[in-house]
Each structure stands twice: as C-alpha cells, then as structure tokens.
>>> print(open('input.pdb').read())   # PDB, C-alpha atoms
ATOM      1  CA  GLU A   1      -3.148  16.317 -66.964
ATOM      2  CA  ARG A   2      -5.906  14.009 -65.736
ATOM      3  CA  GLU A   3      -3.357  11.321 -64.891
ATOM      4  CA  LEU A   4      -1.287  13.881 -62.948
ATOM      5  CA  GLU A   5      -4.373  14.979 -61.023
ATOM      6  CA  LYS A   6      -5.179  11.350 -60.173
ATOM      7  CA  MET A   7      -1.612  10.764 -58.973
ATOM      8  CA  LEU A   8      -1.688  13.903 -56.815
ATOM      9  CA  ASP A   9      -5.047  12.893 -55.329
ATOM     10  CA  ALA A  10      -3.718   9.439 -54.528
ATOM     11  CA  GLN A  11      -0.667  10.943 -52.829
ATOM     12  CA  ASP A  12      -2.858  13.282 -50.761
ATOM     13  CA  ARG A  13      -5.063  10.370 -49.675
ATOM     14  CA  GLY A  14      -2.019   8.284 -48.744
ATOM     15  CA  GLU A  15      -0.569  11.112 -46.672
ATOM     16  CA  LYS A  16      -3.872  11.643 -44.836
ATOM     17  CA  GLU A  17      -4.236   7.905 -44.075
ATOM     18  CA  GLY A  18      -0.646   7.778 -42.824
ATOM     19  CA  ALA A  19      -1.222  10.765 -40.557
ATOM     20  CA  ASN A  20      -4.394   9.195 -39.166
ATOM     21  CA  ARG A  21      -2.557   5.929 -38.494
ATOM     22  CA  ASN A  22       0.263   7.735 -36.709
ATOM     23  CA  GLU A  23      -2.241   9.570 -34.499
ATOM     24  CA  GLU A  24      -3.988   6.292 -33.645
ATOM     25  CA  ASP A  25      -0.644   4.650 -32.827
ATOM     26  CA  GLU A  26       0.285   7.563 -30.584
ATOM     27  CA  ASP A  27      -3.072   7.340 -28.822
ATOM     28  CA  GLU A  28      -2.548   3.609 -28.274
ATOM     29  CA  GLU A  29       1.025   4.059 -27.042
ATOM     30  CA  GLN A  30       0.208   6.826 -24.578
ATOM     31  CA  PRO A  31      -1.805   4.720 -22.081
ATOM     32  CA  GLN A  32       0.778   1.934 -22.250
ATOM     33  CA  SER A  33       3.636   4.338 -21.601
ATOM     34  CA  GLU A  34       1.696   5.980 -18.771
ATOM     35  CA  ALA A  35       1.029   2.560 -17.217
ATOM     36  CA  ALA A  36       4.706   1.630 -17.527
ATOM     37  CA  VAL A  37       5.796   4.901 -15.930
ATOM     38  CA  LYS A  38       3.259   4.477 -13.147
ATOM     39  CA  LYS A  39       4.412   0.892 -12.547
ATOM     40  CA  SER A  40       8.063   1.907 -12.400
ATOM     41  CA  VAL A  41       7.282   4.770 -10.008
ATOM     42  CA  LEU A  42       5.331   2.421  -7.737
ATOM     43  CA  SER A  43       8.133  -0.151  -7.811
ATOM     44  CA  VAL A  44      10.699   2.519  -6.865
ATOM     45  CA  ALA A  45       8.410   3.674  -4.059
ATOM     46  CA  GLY A  46       8.124   0.059  -2.868
ATOM     47  CA  GLY A  47      11.921  -0.268  -2.855
ATOM     48  CA  ASP A  48      12.208   2.937  -0.836
ATOM     49  CA  ARG A  49       9.717   1.584   1.682
ATOM     50  CA  ILE A  50      11.723  -1.631   2.066
ATOM     51  CA  MET A  51      14.960   0.345   2.576
ATOM     52  CA  GLU A  52      13.328   2.620   5.169
ATOM     53  CA  ALA A  53      11.913  -0.422   6.965
ATOM     54  CA  LEU A  54      15.341  -2.081   7.021
ATOM     55  CA  GLU A  55      16.964   1.055   8.460
ATOM     56  CA  LEU A  56      14.276   1.354  11.149
ATOM     57  CA  ALA A  57      14.616  -2.344  11.991
ATOM     58  CA  ASP A  58      18.418  -2.080  12.267
ATOM     59  CA  GLN A  59      18.127   0.947  14.520
ATOM     60  CA  GLU A  60      15.597  -0.832  16.718
ATOM     61  CA  THR A  61      17.774  -3.962  17.023
ATOM     62  CA  ARG A  62      20.760  -1.833  18.092
ATOM     63  CA  GLU A  63      18.693  -0.043  20.718
ATOM     64  CA  LEU A  64      17.305  -3.327  22.012
ATOM     65  CA  LEU A  65      20.809  -4.751  22.362
ATOM     66  CA  LEU A  66      21.975  -1.671  24.276
ATOM     67  CA  LEU A  67      18.964  -1.758  26.571
ATOM     68  CA  SER A  68      19.410  -5.458  27.288
ATOM     69  CA  LYS A  69      23.032  -4.849  28.289
ATOM     70  CA  THR A  70      22.556  -1.657  30.344
ATOM     71  CA  SER A  71      19.156  -2.004  32.035
ATOM     72  CA  SER A  72      16.892  -4.780  33.238
ATOM     73  CA  LYS A  73      13.639  -2.867  32.649
ATOM     74  CA  PRO A  74      11.037  -4.357  30.310
ATOM     75  CA  VAL A  75      11.406  -3.059  26.753
ATOM     76  CA  THR A  76       8.483  -1.101  25.298
ATOM     77  CA  ASN A  77       7.480  -1.523  21.673
ATOM     78  CA  ASN A  78       8.574   1.164  19.249
ATOM     79  CA  PRO A  79       5.568   3.091  17.823
ATOM     80  CA  LEU A  80       7.467   3.636  14.558
ATOM     81  CA  LEU A  81       7.359  -0.123  14.043
ATOM     82  CA  ILE A  82       3.611  -0.216  14.870
ATOM     83  CA  GLY A  83       4.342  -2.169  18.048
ATOM     84  CA  MET A  84       6.045  -5.014  16.172
ATOM     85  CA  THR A  85       9.445  -6.604  16.433
ATOM     86  CA  PRO A  86      11.912  -5.731  13.627
ATOM     87  CA  PRO A  87      11.445  -9.035  11.709
ATOM     88  CA  GLN A  88       7.665  -8.774  12.003
ATOM     89  CA  TYR A  89       7.791  -5.209  10.689
ATOM     90  CA  ILE A  90       9.884  -6.289   7.680
ATOM     91  CA  LEU A  91       7.332  -9.016   6.933
ATOM     92  CA  PHE A  92       4.498  -6.481   7.270
ATOM     93  CA  ILE A  93       6.164  -4.131   4.750
ATOM     94  CA  LEU A  94       6.768  -6.971   2.273
ATOM     95  CA  LYS A  95       3.119  -8.037   2.526
ATOM     96  CA  SER A  96       1.911  -4.445   2.021
ATOM     97  CA  ILE A  97       3.590  -4.229  -1.413
ATOM     98  CA  LYS A  98       1.546  -5.590  -4.320
ATOM     99  CA  PRO A  99       2.754  -8.995  -5.566
ATOM    100  CA  SER A 100       3.042  -7.661  -9.134
ATOM    101  CA  LEU A 101       5.421  -4.897  -7.942
ATOM    102  CA  LEU A 102       7.379  -6.866  -5.342
ATOM    103  CA  GLU A 103      10.064  -8.223  -7.669
ATOM    104  CA  GLN A 104      10.737  -4.841  -9.279
ATOM    105  CA  SER A 105      10.862  -3.244  -5.832
ATOM    106  CA  LEU A 106      13.468  -5.792  -4.724
ATOM    107  CA  LEU A 107      15.625  -5.034  -7.770
ATOM    108  CA  VAL A 108      16.048  -1.449  -6.528
ATOM    109  CA  LEU A 109      17.798  -2.556  -3.320
ATOM    110  CA  PRO A 110      21.583  -2.110  -3.060
ATOM    111  CA  LEU A 111      23.837  -4.905  -1.837
ATOM    112  CA  HIS A 112      24.006  -3.703   1.788
ATOM    113  CA  HIS A 113      20.212  -3.644   2.150
ATOM    114  CA  LEU A 114      20.027  -6.990   0.390
ATOM    115  CA  GLU A 115      22.267  -8.541   3.065
ATOM    116  CA  ARG A 116      20.125  -7.071   5.847
ATOM    117  CA  LEU A 117      16.947  -8.306   4.190
ATOM    118  CA  LEU A 118      18.363 -11.830   3.959
ATOM    119  CA  TYR A 119      19.245 -11.633   7.669
ATOM    120  CA  TYR A 120      15.655 -10.746   8.635
ATOM    121  CA  LEU A 121      14.241 -13.385   6.286
ATOM    122  CA  LEU A 122      16.457 -15.931   8.026
ATOM    123  CA  ILE A 123      15.009 -14.927  11.410
ATOM    124  CA  LEU A 124      11.449 -15.147  10.045
ATOM    125  CA  LEU A 125      12.054 -18.629   8.657
ATOM    126  CA  ARG A 126      13.493 -19.746  12.003
ATOM    127  CA  ARG A 127      10.257 -18.632  13.656
ATOM    128  CA  GLY A 128       8.089 -20.107  10.876
ATOM    129  CA  MET A 129       6.466 -16.776   9.962
ATOM    130  CA  GLY A 130       5.449 -15.931   6.387
ATOM    131  CA  VAL A 131       7.132 -18.999   4.937
ATOM    132  CA  GLU A 132       5.682 -18.680   1.420
ATOM    133  CA  LEU A 133       6.535 -14.997   1.020
ATOM    134  CA  CYS A 134      10.001 -15.435   2.548
ATOM    135  CA  ALA A 135      10.748 -18.335   0.202
ATOM    136  CA  LYS A 136       9.613 -16.313  -2.810
ATOM    137  CA  VAL A 137      11.759 -13.308  -1.845
ATOM    138  CA  VAL A 138      14.841 -15.415  -1.048
ATOM    139  CA  VAL A 139      14.711 -17.311  -4.345
ATOM    140  CA  PHE A 140      14.214 -14.128  -6.362
ATOM    141  CA  LEU A 141      17.067 -12.293  -4.605
ATOM    142  CA  ILE A 142      19.478 -15.172  -5.156
ATOM    143  CA  LYS A 143      18.529 -15.462  -8.826
ATOM    144  CA  SER A 144      18.720 -11.750  -9.576
ATOM    145  CA  HIS A 145      21.906 -11.009  -7.520
ATOM    146  CA  GLN A 146      23.701 -14.310  -8.006
ATOM    147  CA  HIS A 147      27.125 -12.897  -8.931
ATOM    148  CA  GLN A 148      27.157 -10.362  -6.085
ATOM    149  CA  ILE A 149      26.072 -12.975  -3.546
ATOM    150  CA  VAL A 150      28.622 -15.559  -4.712
ATOM    151  CA  SER A 151      31.452 -13.013  -4.581
ATOM    152  CA  ASN A 152      30.488 -12.036  -1.014
ATOM    153  CA  HIS A 153      31.951 -14.717   1.299
ATOM    154  CA  ASN A 154      30.108 -13.371   4.352
ATOM    155  CA  LEU A 155      26.832 -14.740   2.964
ATOM    156  CA  SER A 156      27.977 -18.334   2.501
ATOM    157  CA  ILE A 157      26.964 -19.532   5.997
ATOM    158  CA  PRO A 158      23.575 -17.706   6.047
ATOM    159  CA  LEU A 159      22.773 -19.078   2.588
ATOM    160  CA  ARG A 160      23.392 -22.644   3.741
ATOM    161  CA  GLU A 161      21.110 -22.139   6.700
ATOM    162  CA  LEU A 162      18.504 -20.535   4.444
ATOM    163  CA  ARG A 163      18.567 -23.557   2.139
ATOM    164  CA  LYS A 164      18.115 -25.939   5.062
ATOM    165  CA  LEU A 165      15.320 -23.859   6.619
ATOM    166  CA  LEU A 166      13.473 -23.449   3.321
ATOM    167  CA  ARG A 167      13.455 -27.183   2.727
ATOM    168  CA  ASN A 168      12.218 -27.946   6.248
ATOM    169  CA  ARG A 169       9.535 -25.246   6.344
ATOM    170  CA  LEU A 170       8.217 -25.970   2.859
ATOM    171  CA  SER A 171       8.050 -29.710   3.574
ATOM    172  CA  GLN A 172       6.132 -28.943   6.799
ATOM    173  CA  ASN A 173       3.694 -26.747   4.884
ATOM    174  CA  GLN A 174       3.295 -29.472   2.274
ATOM    175  CA  ASP A 175       2.491 -32.042   4.965
ATOM    176  CA  THR A 176      -0.008 -29.675   6.596
ATOM    177  CA  ILE A 177      -1.769 -28.997   3.296
ATOM    178  CA  GLY A 178      -1.885 -32.720   2.508
ATOM    179  CA  PHE A 179      -3.343 -33.506   5.953
ATOM    180  CA  ASN A 180      -6.006 -30.798   5.582
ATOM    181  CA  LEU A 181      -6.954 -32.024   2.102
ATOM    182  CA  ALA A 182      -7.271 -35.589   3.387
ATOM    183  CA  GLY A 183      -9.505 -34.363   6.218
ATOM    184  CA  LEU A 184     -11.726 -32.418   3.807
ATOM    185  CA  ARG A 185     -12.045 -35.449   1.540
ATOM    186  CA  ALA A 186     -13.006 -37.645   4.519
ATOM    187  CA  VAL A 187     -15.650 -35.141   5.641
ATOM    188  CA  SER A 188     -17.114 -34.854   2.142
ATOM    189  CA  GLN A 189     -17.199 -38.662   1.792
ATOM    190  CA  PHE A 190     -18.943 -38.989   5.164
ATOM    191  CA  HIS A 191     -21.615 -36.479   4.155
ATOM    192  CA  GLN A 192     -22.134 -38.191   0.809
ATOM    193  CA  GLU A 193     -22.615 -41.563   2.511
ATOM    194  CA  LYS A 194     -24.996 -39.996   5.033
ATOM    195  CA  ALA A 195     -27.019 -38.361   2.270
ATOM    196  CA  GLN A 196     -27.239 -41.653   0.381
ATOM    197  CA  ALA A 197     -28.298 -43.523   3.548
ATOM    198  CA  PHE A 198     -31.157 -41.104   4.263
ATOM    199  CA  ALA A 199     -32.234 -40.765   0.633
ATOM    200  CA  GLY A 200     -35.736 -42.147   0.026
ATOM    201  CA  ILE A 201     -36.613 -42.701   3.705
ATOM    202  CA  GLY A 202     -39.658 -40.435   3.426
ATOM    203  CA  ASP A 203     -40.985 -42.537   0.551
ATOM    204  CA  GLU A 204     -40.619 -45.866   2.377
ATOM    205  CA  LEU A 205     -42.402 -44.819   5.603
ATOM    206  CA  PRO A 206     -46.243 -45.006   5.661
ATOM    207  CA  GLY A 207     -48.094 -41.749   5.953
ATOM    208  CA  ASP A 208     -50.063 -42.399   9.208
ATOM    209  CA  ASP A 209     -47.793 -44.811  11.083
ATOM    210  CA  VAL A 210     -45.020 -42.351  11.993
ATOM    211  CA  TRP A 211     -44.292 -44.009  15.374
ATOM    212  CA  ALA A 212     -43.753 -47.547  14.103
ATOM    213  CA  GLY A 213     -40.604 -49.325  15.349
ATOM    214  CA  LEU A 214     -39.414 -46.502  17.664
ATOM    215  CA  GLY A 215     -39.836 -48.312  21.039
ATOM    216  CA  PHE A 216     -42.300 -48.413  23.948
ATOM    217  CA  GLY A 217     -42.566 -44.661  24.438
ATOM    218  CA  SER A 218     -43.329 -44.197  20.789
ATOM    219  CA  ASP A 219     -46.150 -46.762  20.964
ATOM    220  CA  VAL A 220     -47.736 -44.814  23.855
ATOM    221  CA  ALA A 221     -47.440 -41.607  21.899
ATOM    222  CA  ALA A 222     -49.033 -43.273  18.884
ATOM    223  CA  ALA A 223     -51.940 -44.470  21.055
ATOM    224  CA  LEU A 224     -52.480 -40.951  22.393
ATOM    225  CA  VAL A 225     -52.472 -39.511  18.874
ATOM    226  CA  SER A 226     -55.007 -42.101  17.666
ATOM    227  CA  LYS A 227     -57.188 -41.440  20.739
ATOM    228  CA  LYS A 228     -57.197 -37.704  19.990
ATOM    229  CA  LYS A 229     -58.159 -38.395  16.390
ATOM    230  CA  SER A 230     -61.012 -40.714  17.419
ATOM    231  CA  GLY A 231     -62.264 -38.172  19.980
ATOM    232  CA  SER A 232     -62.308 -35.358  17.438
ATOM    233  CA  GLY A 233     -64.156 -37.639  14.990
ATOM    234  CA  ASP A 234     -66.855 -38.432  17.602
ATOM    235  CA  LYS A 235     -67.379 -34.721  18.335
ATOM    236  CA  LYS A 236     -67.866 -33.942  14.648
ATOM    237  CA  ARG A 237     -70.489 -36.720  14.366
ATOM    238  CA  GLN A 238     -72.379 -35.424  17.395
ATOM    239  CA  ARG A 239     -72.472 -31.915  15.911
ATOM    240  CA  LYS A 240     -73.832 -33.221  12.641
ATOM    241  CA  GLU A 241     -76.535 -35.156  14.449
TER     242      GLU A 241
END
>>> encode(input="input.pdb", output="structure tokens")
Amino acid sequence: ERELEKMLDAQDRGEKEGANRNEEDEDEEQPQSEAAVKKSVLSVAGGDRIMEALELADQETRELLLLSKTSSKPVTNNPLLIGMTPPQYILFILKSIKPSLLEQSLLVLPLHHLERLLYYLLILLRRGMGVELCAKVVVFLIKSHQHQIVSNHNLSIPLRELRKLLRNRLSQNQDTIGFNLAGLRAVSQFHQEKAQAFAGIGDELPGDDVWAGLGFGSDVAAALVSKKKSGSGDKKRQRKE
C-alpha cells in the first residue's frame, strides 16, 4: 500500500510539473505569435500602400499625357501625390516602409503591379534618385519572381537597361564614396601634422619674451610693455618711500 501511495504521489507530481511547463510554453509562444501576426499585418499593409501608390502614379501619368497633347497650359502638381511626380511619389512610399518589412511587402504584389514598379524604378535610376533603395528592390524582385519575369518577354528589354543602369549608378556611388573617404583621410592627416607641429611650442618659448622674433612692430610693442612695467615699478617704490 505504501508503494502504491508513493507511485500515485509521483504521478500527481509529474502531471502538475507537465501542466506548469505547458502553461509556461504557451506564455512564451503567445508574444512570439502576436509579433508574427503583427509583422504580417504590417507587411500586408505596406504592400497595399505600394499598390495604391502605383495606381495613383499610373493615373497621374495618363492625365499628364492627355494634358500635354490637348493643352499647352502649365501642369499643376497633384495634391494626392503630395506635389511630387509619379516616380518621386513611388520612391517616397518605398522609403516610408520600414526596411525590415519592405521585402515582405514586395512579396504581396501581383505580377501587373510588379511590372509597373520596375518601370518606375527604371525611371528613378535614369534620374539617379534613390540608387541604393532602387537597387535593393530590383534585386529582390528579380530573385523572388524569377520564373514569372523570365516567362514574360515584355520585361526582357527593361531588364537589360536596368542591369546597365545599376552597374553605372553603383560604380558612380562607389567612386563618390572613395573620393569622400580620401578627402576625409587627407583632412585628418593635415590636422594631425598641424597638431604635432604646434605641440610643445608653449614650453620652448620664454615666459617674459613673448615678442621675440616677430618683426619690427613686435619689438616696438615689447618696448612699450617693458616701459609700462618699469613705470609701474617706479610708482610702487615712490609709494613705499
């Protein structure tokens, strides 16, 4: 009977420990699942924003083409695009999405919106705007939608131009960064040499002879200073007497 009681007690303890572990695991899994759900919701919202921006940009480009053909009046900026051109607005929307959510937001896009996005990225690269972000988006889109892009023959010519533009723009940015780094190194070296040249000058100069070796005007100034000192010394002696 005692052995049975011990076995039952051990089983009860094991069940309680297992229940406690399951509760702890559930508590640990809940924040992770909530974070994953929140991240997916934000990525879907980012994809929706990109699609809305592409539709607005397409509509604006059509209206601009019609206005250029029908009237010669100056075109006013669309307030829906915050006073920007369609490519600039697309770049603004891409920059407004968090970098950690950008790739997941791009995965939500269908093929039609993907083609339009590549078109606007091509225009941005021609103008040299947002080169780093455009290169990142182009490379990710081609990697993630490789089969769809290869099967679509309409994208062959834009892709060739994109490859050429990416190489040119990235090489230009590389040259600019290298030039700026070389300039910063030259400036830092100049300041180091200047600091070394002036180091210890205060120790070498005598305390009273500040004007030594500075030219004729400095000699006159030194004489005036010494005259003032001698005059003040004579006045102190007279007062003592």
>>> atom_distance(input="input.pdb", atom1="atom CA of Ile97 of chain A", atom2="atom CA of Val139 of chain A")
17.4 Å
>>> closest_residue(input="input.pdb", among="A:Ser96, A:Ser144, A:Asn78, A:Thr70", to="Gly46 of chain A", atoms="all atoms listed in the file")
A:Ser96
>>> axis_aligned_box(input="input.pdb", around="segment 87-90 of chain A", padding_each_side="6 Å", output="AutoDock Vina command-line options")
--center_x 9.6 --center_y -7.1 --center_z 9.8 --size_x 15.8 --size_y 15.8 --size_z 16.3
>>> atom_distance(input="input.pdb", atom1="atom CA of Leu66 of chain A", atom2="atom CA of Thr85 of chain A")
15.6 Å
>>> resolve_selection(input="input.pdb", expression="the PyMOL selection byres ((chain A and resi 170-173) around 12)", output="list in words")
Leu125, Gly128, Met129, Gly130, Val131, Glu132, Leu133, Cys134, Ala135, Lys136, Leu162, Arg163, Lys164, Leu165, Leu166, Arg167, Asn168, Arg169, Gln174, Asp175, Thr176, Ile177, Gly178, Phe179 and Asn180 of chain A
>>> atom_distance(input="input.pdb", atom1="atom CA of Glu52 of chain A", atom2="atom CA of Gln146 of chain A")
23.8 Å
>>> closest_residue(input="input.pdb", among="A:Gln88, A:Ser105, A:Ser100, A:Thr76", to="Asp48 of chain A", atoms="only C-alpha atoms")
A:Ser105
>>> closest_residue(input="input.pdb", among="A:Pro158, A:Pro86, A:Gly47, A:Gly183", to="Leu101 of chain A", atoms="only C-alpha atoms")
A:Gly47
>>> residues_around(input="input.pdb", residues="Asn77 of chain A", least_positions_apart="2", cutoff="12 Å", atoms="only C-alpha atoms", output="list in words")
Glu60, Thr61, Glu63, Leu64, Pro74, Val75, Pro79, Leu80, Leu81, Ile82, Gly83, Met84, Thr85, Pro86 and Tyr89 of chain A
>>> resolve_selection(input="input.pdb", expression="the PyMOL selection byres ((chain A and resi 152-156) around 12)", output="JSON, numbers by chain")
{"A": [111, 112, 114, 115, 116, 117, 118, 119, 122, 142, 145, 146, 147, 148, 149, 150, 151, 157, 158, 159, 160, 161, 162, 163]}
>>> resolve_selection(input="input.pdb", expression="the PyMOL selection byres ((chain A and resi 44) around 10)", output="list in words")
Lys38, Lys39, Ser40, Val41, Leu42, Ser43, Ala45, Gly46, Gly47, Asp48, Arg49, Ile50, Leu101, Gln104, Ser105, Leu106, Leu107, Val108 and Leu109 of chain A
